[in-house]
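Asker: I'd like to ask you about the structure that follows.
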Amino acid sequence: RGMRVAVHAIASEGISRAIAGAVDSIEHAQELSPEQATAMAAAGITLVPTLYILRYYIEDADHLGFDAQHVADLQRMVDTFVVPFESRFPAILATGVHVAMGSDAFMALHGKNAHELSLLVAAGMTPEQAMRAATSTAADVMAWKGKVGSLAAGAFADLIATAHDPRKDIGALDHVAVVVAGGRVVRDDRR
């Protein structure tokens with residue numbers, strides 16, 4: 001039907017089924033192996049890891065209303081799934097699989113999701129790779145190439161500016177100074 005398909009899969013079997021189904025992207029994928037990443041790369045399937053979301057839930061547990069047991073369960077998930085995935089991430093990147101940044105933000109994470117970029121860099125991406133994951137690769141996954149994710153004629157002209165160079169410190173993207181949407185400055189903290 002020409003529709004984009006994004007699959008949320010954590011376990012290896014679900015990842016394999018998504019690859020066999022020739023989906024467009026696989027979100028989370030914490031049990032992803034380098035062999036599966038190779039198959040994804042060959043099939044043009046984009047990986048959208050979400051390294052921050054569970055950590056965010058732990059950090060903001062009080063605000064979200066999570067009790068101590070829920071926080072302990074979340075920490076166990078980070079230790080069991082996310083940390084081992086991060087240790088495999090350099091080998092996964094070496095397969096050539098395309099990586100887009102995603103947040104899985106459906107609760108209060110909005111405004112903090114740029115922290116995902118710092119975790120991608122800590123796991124093995126360069127700052128430039130992480131920024132591409134959040135811009136042009138994410139635009140490709142959404143079939144919005146030429147509209148967002150790049151500075152090009154005819155694009156929406158949505159961009160940000162920071163006080164420091166994110167190529168030297170990706171954490172600079174957690175502190176946006178200027179926001180331009182549709183070619184108009186909608187926020188300017190420099191004043």
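Residue numbers start at 1 in each chain; chains themselves are named A, B, ... in the order of the structure tokens; ligands are numbered from 1 in the order shown.
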Which residues are close to Ala181 of chain A, i.e. within 9 Å by only C-alpha atoms, leaving aside same-chain residues fewer than 4 positions away? Reply as a list of chain:residue names.

Answerer: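 The residues that qualify are A:Phe156, A:Ala157, A:Asp158, A:Leu159, A:Ile160, A:Val185, A:Val186.
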
Asker: For the residues in the current selection, export N, CA, C and O atoms as a CSV table (one decimal), in the first residue's frame.

Answerer:
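New file part23.csv:
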```csv
chain,number,residue,atom,x,y,z
A,156,PHE,N,11.6,23.3,5.1
A,156,PHE,CA,10.8,24.1,6.0
A,156,PHE,C,11.6,25.1,6.7
A,156,PHE,O,11.0,26.0,7.4
A,157,ALA,N,12.9,25.1,6.7
A,157,ALA,CA,13.7,26.1,7.4
A,157,ALA,C,13.5,26.1,8.9
A,157,ALA,O,13.4,27.1,9.5
A,158,ASP,N,13.5,24.9,9.4
A,158,ASP,CA,13.5,24.7,10.9
A,158,ASP,C,14.9,24.4,11.3
A,158,ASP,O,15.5,23.4,10.8
A,159,LEU,N,15.4,25.2,12.2
A,159,LEU,CA,16.8,25.0,12.7
A,159,LEU,C,16.9,25.5,14.1
A,159,LEU,O,16.1,26.3,14.6
A,160,ILE,N,18.1,25.2,14.7
A,160,ILE,CA,18.4,25.6,16.0
A,160,ILE,C,19.8,26.2,16.0
A,160,ILE,O,20.6,25.9,15.1
A,185,VAL,N,12.2,33.2,13.5
A,185,VAL,CA,12.8,33.0,14.9
A,185,VAL,C,11.6,33.0,15.8
A,185,VAL,O,10.8,33.9,15.9
A,186,VAL,N,11.4,31.8,16.5
A,186,VAL,CA,10.3,31.7,17.5
A,186,VAL,C,10.8,31.6,18.9
A,186,VAL,O,10.0,31.7,19.8
```

Asker: Extract, using only C-alpha atoms, all DNA, RNA and protein residues at most 9 Å from Gly149 of chain A, discarding same-chain residues fewer than 4 positions from it, and format them as a VMD selection string.

Answerer: chain A and resid 132 134 to 140 144 to 145 155 158 to 159

Asker: Using only C-alpha atoms, what table do you get, as a Markdown table, when you list each residue of segment 38-151 of chain A with an atom no more than 10 Å from segment 6-13 of chain A, its nearest pair of atoms, and their distance in Å rounded to one decimal, rows by chain then rising number?

Answerer:
```
| residue | atom | partner | partner_atom | distance |
| --- | --- | --- | --- | --- |
| A:Ile45 | CA | A:Ala6 | CA | 9.5 |
| A:Thr46 | CA | A:Ala6 | CA | 9.2 |
| A:Leu47 | CA | A:Ala6 | CA | 9.8 |
| A:Val48 | CA | A:His8 | CA | 9.2 |
| A:Pro49 | CA | A:Ile10 | CA | 9.8 |
| A:Phe81 | CA | A:Ile10 | CA | 8.3 |
| A:Val82 | CA | A:Ile10 | CA | 9.8 |
| A:Asp104 | CA | A:His8 | CA | 9.6 |
| A:Val141 | CA | A:Ala6 | CA | 8.9 |
| A:Met142 | CA | A:Ala6 | CA | 9.5 |
```

Asker: Please produce a file of those selected residues containing C-alpha atoms, as a CSV table (one decimal), in the first residue's frame.

Answerer:
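File produced: out.csv:
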```csv
chain,number,residue,atom,x,y,z
A,45,ILE,CA,16.0,-0.9,7.2
A,46,THR,CA,16.8,1.9,9.6
A,47,LEU,CA,17.6,1.3,13.3
A,48,VAL,CA,16.1,3.8,15.8
A,49,PRO,CA,17.6,3.0,19.2
A,81,PHE,CA,18.8,-4.7,27.8
A,82,VAL,CA,20.1,-1.2,27.2
A,104,ASP,CA,9.8,7.0,22.1
A,141,VAL,CA,12.8,7.4,7.8
A,142,MET,CA,9.7,9.6,7.8
```

Asker: Could you go through segment 7-163 of chain A and tell me which residues DSSP, when run on the backbone, assigns to strand (DSSP E or B), listing them as a VMD selection string?

Answerer: chain A and resid 7 to 9 25 to 28 46 to 48 99 145 148 159 to 162

Asker: Could you please take those selected residues and save N, CA and C atoms as a PDB file, in the first residue's frame?

Answerer:
```pdb
ATOM      1  N   VAL A   7       8.468  -0.684  13.290  1.00  0.00           N
ATOM      2  CA  VAL A   7       8.183  -1.755  14.234  1.00  0.00           C
ATOM      3  C   VAL A   7       8.946  -1.504  15.525  1.00  0.00           C
ATOM      4  N   HIS A   8       8.237  -1.572  16.634  1.00  0.00           N
ATOM      5  CA  HIS A   8       8.875  -1.504  17.947  1.00  0.00           C
ATOM      6  C   HIS A   8       9.170  -2.942  18.365  1.00  0.00           C
ATOM      7  N   ALA A   9      10.460  -3.277  18.418  1.00  0.00           N
ATOM      8  CA  ALA A   9      10.867  -4.635  18.782  1.00  0.00           C
ATOM      9  C   ALA A   9      12.078  -4.566  19.695  1.00  0.00           C
ATOM     10  N   SER A  25      11.679   0.724   9.465  1.00  0.00           N
ATOM     11  CA  SER A  25      12.553   0.980  10.612  1.00  0.00           C
ATOM     12  C   SER A  25      12.188   0.061  11.759  1.00  0.00           C
ATOM     13  N   ILE A  26      13.196  -0.162  12.612  1.00  0.00           N
ATOM     14  CA  ILE A  26      12.978  -0.935  13.833  1.00  0.00           C
ATOM     15  C   ILE A  26      13.400  -0.057  14.999  1.00  0.00           C
ATOM     16  N   GLU A  27      12.444   0.203  15.888  1.00  0.00           N
ATOM     17  CA  GLU A  27      12.673   1.021  17.074  1.00  0.00           C
ATOM     18  C   GLU A  27      13.080   0.136  18.243  1.00  0.00           C
ATOM     19  N   HIS A  28      13.934   0.651  19.094  1.00  0.00           N
ATOM     20  CA  HIS A  28      14.462   0.012  20.308  1.00  0.00           C
ATOM     21  C   HIS A  28      15.531  -1.007  19.930  1.00  0.00           C
ATOM     22  N   THR A  46      16.160   1.006   8.715  1.00  0.00           N
ATOM     23  CA  THR A  46      16.837   1.927   9.624  1.00  0.00           C
ATOM     24  C   THR A  46      16.620   1.511  11.072  1.00  0.00           C
ATOM     25  N   LEU A  47      17.681   1.605  11.849  1.00  0.00           N
ATOM     26  CA  LEU A  47      17.640   1.339  13.286  1.00  0.00           C
ATOM     27  C   LEU A  47      17.346   2.643  14.018  1.00  0.00           C
ATOM     28  N   VAL A  48      16.395   2.600  14.946  1.00  0.00           N
ATOM     29  CA  VAL A  48      16.067   3.765  15.772  1.00  0.00           C
ATOM     30  C   VAL A  48      16.203   3.346  17.243  1.00  0.00           C
ATOM     31  N   VAL A  99      21.195   4.681  11.132  1.00  0.00           N
ATOM     32  CA  VAL A  99      20.667   4.918  12.474  1.00  0.00           C
ATOM     33  C   VAL A  99      19.996   6.285  12.496  1.00  0.00           C
ATOM     34  N   LYS A 145      12.393  13.619   3.353  1.00  0.00           N
ATOM     35  CA  LYS A 145      13.642  14.134   2.794  1.00  0.00           C
ATOM     36  C   LYS A 145      13.341  15.358   1.926  1.00  0.00           C
ATOM     37  N   VAL A 148      12.473  18.400   5.844  1.00  0.00           N
ATOM     38  CA  VAL A 148      13.130  18.631   7.132  1.00  0.00           C
ATOM     39  C   VAL A 148      14.450  17.862   7.145  1.00  0.00           C
ATOM     40  N   LEU A 159      15.408  25.182  12.200  1.00  0.00           N
ATOM     41  CA  LEU A 159      16.764  24.960  12.680  1.00  0.00           C
ATOM     42  C   LEU A 159      16.936  25.541  14.063  1.00  0.00           C
ATOM     43  N   ILE A 160      18.061  25.155  14.686  1.00  0.00           N
ATOM     44  CA  ILE A 160      18.392  25.650  16.020  1.00  0.00           C
ATOM     45  C   ILE A 160      19.810  26.179  16.014  1.00  0.00           C
ATOM     46  N   ALA A 161      20.129  26.938  17.051  1.00  0.00           N
ATOM     47  CA  ALA A 161      21.496  27.403  17.262  1.00  0.00           C
ATOM     48  C   ALA A 161      21.833  27.220  18.732  1.00  0.00           C
ATOM     49  N   THR A 162      23.081  26.892  18.979  1.00  0.00           N
ATOM     50  CA  THR A 162      23.566  26.717  20.344  1.00  0.00           C
ATOM     51  C   THR A 162      24.754  27.638  20.562  1.00  0.00           C
TER      52      THR A 162
END
```
